[in-house]
Amino acid sequence: MTRAPGNAALTPFGTTIFATMSALAVEHDAINLGQGFPDTDGPSEVLEAAVAAIRGGANQYPPGAGVPELLDAIAAHQARFWGVSVDPRTEVLVTVGATEAIAATVLALVAPGDEVVTFEPYYDSYAATIALAGGVRRTSVLRFPDFAVDESSLRAAFSSRTRMVLLNTPHNPTGKVFTREEIELICELARENDAWVVTDEVYEHLVFDGGQHVAVASLPGMAERTLTISSAGKTFSTTGWKVGWVSGPAAAVAAVRAVKQFLTYVGSGPFQPAVAVGLGLPDSVFTGLARSLQGKRDRLVAGLRGAGLEVSVPAGGYFVVADAASLGAVDGLAFCHELPVRSGVVGVPVSVFHDDPEAGRTLVRFAFCKRDEVLDEACRRLSS
């Protein structure tokens, strides 16, 4: 008898919900508000820099840590926006998107049996990567509609076996921006349990309503135990380029690089210098994108409410979460499978991002990083 192929650690995960729902969008010619990618291009300066890099011959393997101009630009970005000082040569590593940065970091720092604290609902790669590392996932639930941190639940998730806290702010899928007080609580518990804090800050520049993103590494005493992950995909609407990075203490970054070299080795050669150009653009470029997305958020929130859905208004990111229970739904997964057929719109059930599916049983995530006319048509279809 031949053994079944595959790593048993991944058996519970199967095909990602994004692939499933995108296939339904194609099958039913539905508007895909399930997957978080923009349908317009980013700043022309960044795109033209990529074209120039390709024409200039930057098409072979880049250096293992990343091209020098991008390493310098990331370090300058951290100092400019968040007041965090990192050495571009020893404390920054370029990765193939933030997803690889997360995977390499977890695999580098988590040994079998180590516990990782994260929040439900979580980005799906978190759970899969923790499983691949042999780690044990401990979660604290963020509950609709305000998604506030439950201090007692969070404290209960920590133990002497906690190796890492994996924090995403602004948060996918909820759009929550963690407050300074919430982050300080997380940091306090990390210090008490001698745990690393790994922060996924890919939506760092997409904060709305005058809110403020708090970079964990900027808080007192946290730079030495924090690894910060971000990427160019969300900031510059270039999700297909897959240029991410991780920054933090040199020894920890070296450990991540030791893993990363056996995942992709290197990648995104001509896009790296283009992203370096982007990170040096004026503040108006960053605030302009956030302002544009805030308008799109308001457009979709109004449309969802008009269709009878209860909505949690996101403070950042690409997504809005709605409760389909207000339309009589009892299962968000079934509702999302029916929606493309009945309304010609695709969303994603939030329950698939939970260990406790009851916590998000009827919640649905919709992406608003689309052209206004696409959002308007989606809202029209939902209302009809």
# chains A, B, ... in the order shown; residues from 1 in each chain; ligands from 1

$ residues_around --residues "stretch 285-296 of chain A" --least-positions-apart "4" --cutoff "10 Å" --atoms "only C-alpha atoms" --output "PyMOL selection string"
chain A and resi 42-43+203-210+234-237+278-281+300-302+314-318+367-372+375-376

$ write_last_selection --atoms "N, CA, C and O atoms" --output "short mmCIF file (atom, residue, chain, number, x, y, z; two decimals), in the first residue's frame"
data_model
loop_
_atom_site.label_atom_id
_atom_site.label_comp_id
_atom_site.auth_asym_id
_atom_site.auth_seq_id
_atom_site.Cartn_x
_atom_site.Cartn_y
_atom_site.Cartn_z
N GLY A 42 -1.00 51.02 -9.00
CA GLY A 42 -0.47 51.95 -8.01
C GLY A 42 0.22 53.14 -8.63
O GLY A 42 0.05 53.42 -9.83
N PRO A 43 1.04 53.85 -7.84
CA PRO A 43 1.68 55.09 -8.32
C PRO A 43 2.53 54.85 -9.56
O PRO A 43 3.28 53.88 -9.65
N TYR A 203 -0.89 46.60 6.31
CA TYR A 203 -1.85 47.67 6.07
C TYR A 203 -1.49 48.94 6.85
O TYR A 203 -2.35 49.78 7.13
N GLU A 204 -0.22 49.10 7.21
CA GLU A 204 0.22 50.17 8.10
C GLU A 204 -0.16 51.56 7.61
O GLU A 204 -0.40 52.47 8.41
N HIS A 205 -0.21 51.77 6.29
CA HIS A 205 -0.54 53.09 5.75
C HIS A 205 -2.00 53.24 5.37
O HIS A 205 -2.39 54.29 4.85
N LEU A 206 -2.80 52.21 5.62
CA LEU A 206 -4.21 52.24 5.23
C LEU A 206 -5.09 52.32 6.47
O LEU A 206 -5.85 51.41 6.80
N VAL A 207 -4.97 53.43 7.18
CA VAL A 207 -5.74 53.69 8.40
C VAL A 207 -6.64 54.89 8.14
O VAL A 207 -6.21 55.88 7.54
N PHE A 208 -7.89 54.82 8.60
CA PHE A 208 -8.91 55.78 8.21
C PHE A 208 -9.35 56.67 9.38
O PHE A 208 -9.02 56.41 10.54
N ASP A 209 -10.12 57.69 9.03
CA ASP A 209 -10.79 58.55 10.01
C ASP A 209 -9.82 59.24 10.96
O ASP A 209 -10.15 59.49 12.12
N GLY A 210 -8.61 59.53 10.49
CA GLY A 210 -7.63 60.21 11.34
C GLY A 210 -7.00 59.32 12.38
O GLY A 210 -6.29 59.82 13.28
N LYS A 234 0.15 46.05 -0.58
CA LYS A 234 -1.02 46.82 -0.17
C LYS A 234 -0.76 48.31 -0.28
O LYS A 234 -1.62 49.07 -0.73
N THR A 235 0.43 48.76 0.11
CA THR A 235 0.73 50.19 0.12
C THR A 235 0.72 50.79 -1.27
O THR A 235 0.22 51.90 -1.49
N PHE A 236 1.26 50.04 -2.27
CA PHE A 236 1.39 50.58 -3.62
C PHE A 236 0.50 49.88 -4.63
O PHE A 236 0.68 50.04 -5.85
N SER A 237 -0.48 49.09 -4.15
CA SER A 237 -1.41 48.38 -5.04
C SER A 237 -0.67 47.55 -6.07
O SER A 237 -0.98 47.55 -7.26
N GLY A 278 9.26 53.70 -4.35
CA GLY A 278 7.97 53.94 -3.73
C GLY A 278 8.07 54.35 -2.28
O GLY A 278 7.38 55.27 -1.82
N LEU A 279 8.93 53.70 -1.53
CA LEU A 279 9.05 54.00 -0.10
C LEU A 279 9.60 55.41 0.14
O LEU A 279 9.43 55.95 1.24
N GLY A 280 10.23 55.99 -0.87
CA GLY A 280 10.75 57.34 -0.73
C GLY A 280 9.83 58.42 -1.26
O GLY A 280 10.19 59.60 -1.24
N LEU A 281 8.63 58.05 -1.72
CA LEU A 281 7.69 59.04 -2.26
C LEU A 281 7.16 59.97 -1.15
O LEU A 281 7.21 59.62 0.04
N LEU A 300 -19.04 51.06 0.16
CA LEU A 300 -19.50 49.69 0.33
C LEU A 300 -20.30 49.53 1.61
O LEU A 300 -21.31 48.80 1.63
N VAL A 301 -19.89 50.19 2.68
CA VAL A 301 -20.65 50.11 3.94
C VAL A 301 -22.08 50.58 3.71
O VAL A 301 -23.05 49.93 4.15
N ALA A 302 -22.25 51.69 3.01
CA ALA A 302 -23.60 52.20 2.74
C ALA A 302 -24.40 51.21 1.90
O ALA A 302 -25.59 50.97 2.16
N PRO A 314 -14.84 49.27 9.31
CA PRO A 314 -13.42 49.04 9.58
C PRO A 314 -12.64 50.33 9.75
O PRO A 314 -12.93 51.33 9.10
N ALA A 315 -11.62 50.29 10.61
CA ALA A 315 -10.77 51.46 10.84
C ALA A 315 -9.55 51.46 9.95
O ALA A 315 -8.78 52.42 9.95
N GLY A 316 -9.33 50.37 9.19
CA GLY A 316 -8.18 50.30 8.29
C GLY A 316 -8.27 49.09 7.39
O GLY A 316 -9.17 48.25 7.52
N GLY A 317 -7.32 48.99 6.45
CA GLY A 317 -7.21 47.81 5.61
C GLY A 317 -8.05 47.85 4.37
O GLY A 317 -8.39 48.91 3.84
N TYR A 318 -8.41 46.65 3.89
CA TYR A 318 -9.11 46.44 2.61
C TYR A 318 -10.53 45.93 2.77
O TYR A 318 -11.24 45.81 1.77
N ALA A 367 -14.34 42.79 0.23
CA ALA A 367 -13.23 43.69 -0.08
C ALA A 367 -13.76 44.94 -0.77
O ALA A 367 -14.59 44.86 -1.66
N PHE A 368 -13.24 46.10 -0.34
CA PHE A 368 -13.66 47.35 -0.98
C PHE A 368 -12.54 48.03 -1.77
O PHE A 368 -12.68 49.18 -2.21
N CYS A 369 -11.43 47.32 -2.00
CA CYS A 369 -10.30 47.89 -2.75
C CYS A 369 -10.53 47.75 -4.26
O CYS A 369 -9.67 47.24 -4.99
N LYS A 370 -11.71 48.19 -4.70
CA LYS A 370 -12.12 48.04 -6.10
C LYS A 370 -12.56 49.41 -6.65
O LYS A 370 -12.81 50.34 -5.89
N ARG A 371 -12.68 49.47 -7.97
CA ARG A 371 -13.15 50.70 -8.59
C ARG A 371 -14.56 51.04 -8.11
O ARG A 371 -15.36 50.15 -7.81
N ASP A 372 -14.86 52.33 -8.05
CA ASP A 372 -16.15 52.77 -7.53
C ASP A 372 -17.32 52.15 -8.29
O ASP A 372 -18.32 51.73 -7.70
N LEU A 375 -17.92 48.64 -7.10
CA LEU A 375 -18.60 48.62 -5.80
C LEU A 375 -20.07 48.99 -5.95
O LEU A 375 -20.94 48.36 -5.32
N ASP A 376 -20.35 49.98 -6.77
CA ASP A 376 -21.74 50.40 -6.97
C ASP A 376 -22.57 49.27 -7.58
O ASP A 376 -23.72 49.04 -7.17
#

$ select_by_dssp --residues "stretch 161-314 of chain A" --states "strand (DSSP E)" --output "list in words"
Thr162, Arg163, Met164, Val165, Leu166, Leu167, Asn168, Trp196, Val197, Val198, Thr199, Asp200, Thr226, Leu227, Thr228, Ile229, Ser230, Ser231, Gly244, Trp245, Val246, Ser247, Glu310, Val311 and Ser312 of chain A

$ write_last_selection --atoms "N, CA and C atoms" --output "CSV table (one decimal), in the first residue's frame"
chain,number,residue,atom,x,y,z
A,162,THR,N,4.6,29.8,25.9
A,162,THR,CA,4.4,30.8,24.8
A,162,THR,C,5.8,31.2,24.2
A,163,ARG,N,6.0,31.0,22.9
A,163,ARG,CA,7.2,31.4,22.2
A,163,ARG,C,7.0,32.7,21.4
A,164,MET,N,5.8,32.9,21.0
A,164,MET,CA,5.6,34.0,20.0
A,164,MET,C,4.1,34.5,20.1
A,165,VAL,N,4.0,35.8,19.9
A,165,VAL,CA,2.7,36.4,19.7
A,165,VAL,C,2.7,36.9,18.2
A,166,LEU,N,1.7,36.5,17.5
A,166,LEU,CA,1.6,36.9,16.1
A,166,LEU,C,0.4,37.8,16.0
A,167,LEU,N,0.7,39.1,15.7
A,167,LEU,CA,-0.2,40.2,15.7
A,167,LEU,C,-0.3,40.8,14.4
A,168,ASN,N,-1.6,41.0,13.9
A,168,ASN,CA,-1.8,41.7,12.6
A,168,ASN,C,-2.6,43.0,12.9
A,196,TRP,N,8.5,36.3,21.8
A,196,TRP,CA,8.7,37.2,20.7
A,196,TRP,C,7.3,37.8,20.3
A,197,VAL,N,7.4,39.1,19.8
A,197,VAL,CA,6.2,39.6,19.2
A,197,VAL,C,6.5,39.8,17.7
A,198,VAL,N,5.7,39.1,16.9
A,198,VAL,CA,5.9,39.2,15.4
A,198,VAL,C,4.7,40.0,14.9
A,199,THR,N,4.9,41.1,14.3
A,199,THR,CA,3.8,41.9,13.8
A,199,THR,C,3.7,42.0,12.3
A,200,ASP,N,2.5,41.7,11.8
A,200,ASP,CA,2.2,41.8,10.4
A,200,ASP,C,1.5,43.1,10.2
A,226,THR,N,10.9,42.3,19.0
A,226,THR,CA,9.9,42.4,18.0
A,226,THR,C,10.4,42.3,16.6
A,227,LEU,N,9.8,41.4,15.8
A,227,LEU,CA,10.1,41.3,14.4
A,227,LEU,C,8.9,41.9,13.6
A,228,THR,N,9.2,42.9,12.8
A,228,THR,CA,8.1,43.6,12.1
A,228,THR,C,8.1,43.2,10.6
A,229,ILE,N,6.9,42.8,10.1
A,229,ILE,CA,6.7,42.4,8.8
A,229,ILE,C,5.8,43.4,8.0
A,230,SER,N,6.2,43.7,6.8
A,230,SER,CA,5.3,44.5,5.9
A,230,SER,C,5.6,44.1,4.5
A,231,SER,N,5.0,44.9,3.6
A,231,SER,CA,5.1,44.6,2.2
A,231,SER,C,4.7,45.8,1.3
A,244,GLY,N,8.1,41.7,0.1
A,244,GLY,CA,7.8,41.9,1.5
A,244,GLY,C,9.2,42.1,2.2
A,245,TRP,N,9.1,42.3,3.5
A,245,TRP,CA,10.3,42.4,4.3
A,245,TRP,C,10.0,42.1,5.8
A,246,VAL,N,11.1,41.8,6.5
A,246,VAL,CA,11.0,41.6,7.9
A,246,VAL,C,12.2,42.4,8.5
A,247,SER,N,12.0,43.1,9.6
A,247,SER,CA,13.0,43.8,10.3
A,247,SER,C,13.0,43.6,11.8
A,310,GLU,N,-26.1,44.0,8.7
A,310,GLU,CA,-25.5,44.8,9.8
A,310,GLU,C,-24.0,44.8,9.6
A,311,VAL,N,-23.3,45.9,9.7
A,311,VAL,CA,-21.9,46.1,9.3
A,311,VAL,C,-21.1,46.6,10.4
A,312,SER,N,-19.9,46.1,10.5
A,312,SER,CA,-18.8,46.7,11.4
A,312,SER,C,-18.0,47.6,10.5

$ residues_around --residues "stretch 104-113 of chain A" --least-positions-apart "6" --cutoff "7 Å" --atoms "only C-alpha atoms" --output "PyMOL selection string"
chain A and resi 129-130+133-136+163+255-256+259-260

$ closest_residue --among "A:Leu33, A:Ala325, A:Ala52, A:Ala127" --to "A:Glu115" --atoms "only C-alpha atoms"
A:Ala127

$ closest_atom_pairs --of "stretch 81-141 of chain A" --to "stretch 169-187 of chain A" --cutoff "7 Å" --atoms "only C-alpha atoms" --output "Markdown table"
| residue | atom | partner | partner_atom | distance |
| --- | --- | --- | --- | --- |
| A:Pro121 | CA | A:Pro173 | CA | 6.9 |
| A:Tyr122 | CA | A:Asn172 | CA | 6.9 |
| A:Tyr123 | CA | A:Asn172 | CA | 6.2 |

$ closest_atom_pairs --of "stretch 43-140 of chain A" --to "stretch 352-358 of chain A" --cutoff "12 Å" --atoms "only C-alpha atoms" --output "JSON lines"
{"residue": "A:Thr118", "atom": "CA", "partner": "A:His354", "partner_atom": "CA", "distance": 10.8}
{"residue": "A:Phe119", "atom": "CA", "partner": "A:His354", "partner_atom": "CA", "distance": 8.9}
{"residue": "A:Glu120", "atom": "CA", "partner": "A:His354", "partner_atom": "CA", "distance": 5.4}
{"residue": "A:Pro121", "atom": "CA", "partner": "A:Phe353", "partner_atom": "CA", "distance": 4.8}
{"residue": "A:Tyr122", "atom": "CA", "partner": "A:Phe353", "partner_atom": "CA", "distance": 5.2}
{"residue": "A:Tyr123", "atom": "CA", "partner": "A:Phe353", "partner_atom": "CA", "distance": 6.5}
{"residue": "A:Asp124", "atom": "CA", "partner": "A:Phe353", "partner_atom": "CA", "distance": 6.0}
{"residue": "A:Ser125", "atom": "CA", "partner": "A:Phe353", "partner_atom": "CA", "distance": 9.7}
{"residue": "A:Tyr126", "atom": "CA", "partner": "A:Phe353", "partner_atom": "CA", "distance": 9.7}
{"residue": "A:Ala127", "atom": "CA", "partner": "A:Phe353", "partner_atom": "CA", "distance": 8.8}
{"residue": "A:Ala128", "atom": "CA", "partner": "A:Phe353", "partner_atom": "CA", "distance": 11.1}
{"residue": "A:Arg137", "atom": "CA", "partner": "A:Asp355", "partner_atom": "CA", "distance": 9.3}
{"residue": "A:Arg138", "atom": "CA", "partner": "A:Asp355", "partner_atom": "CA", "distance": 9.4}
{"residue": "A:Thr139", "atom": "CA", "partner": "A:Asp355", "partner_atom": "CA", "distance": 8.0}
{"residue": "A:Ser140", "atom": "CA", "partner": "A:Asp355", "partner_atom": "CA", "distance": 9.8}

$ closest_residue --among "A:Ala258, A:Ala156, A:Val364, A:Val321" --to "A:Cys336" --atoms "only C-alpha atoms"
A:Val364

$ residues_around --residues "A:Ala53" --least-positions-apart "5" --cutoff "12 Å" --atoms "only C-alpha atoms" --output "VMD selection string"
chain A and resid 46 to 48 58 to 60 62 67 268 to 277
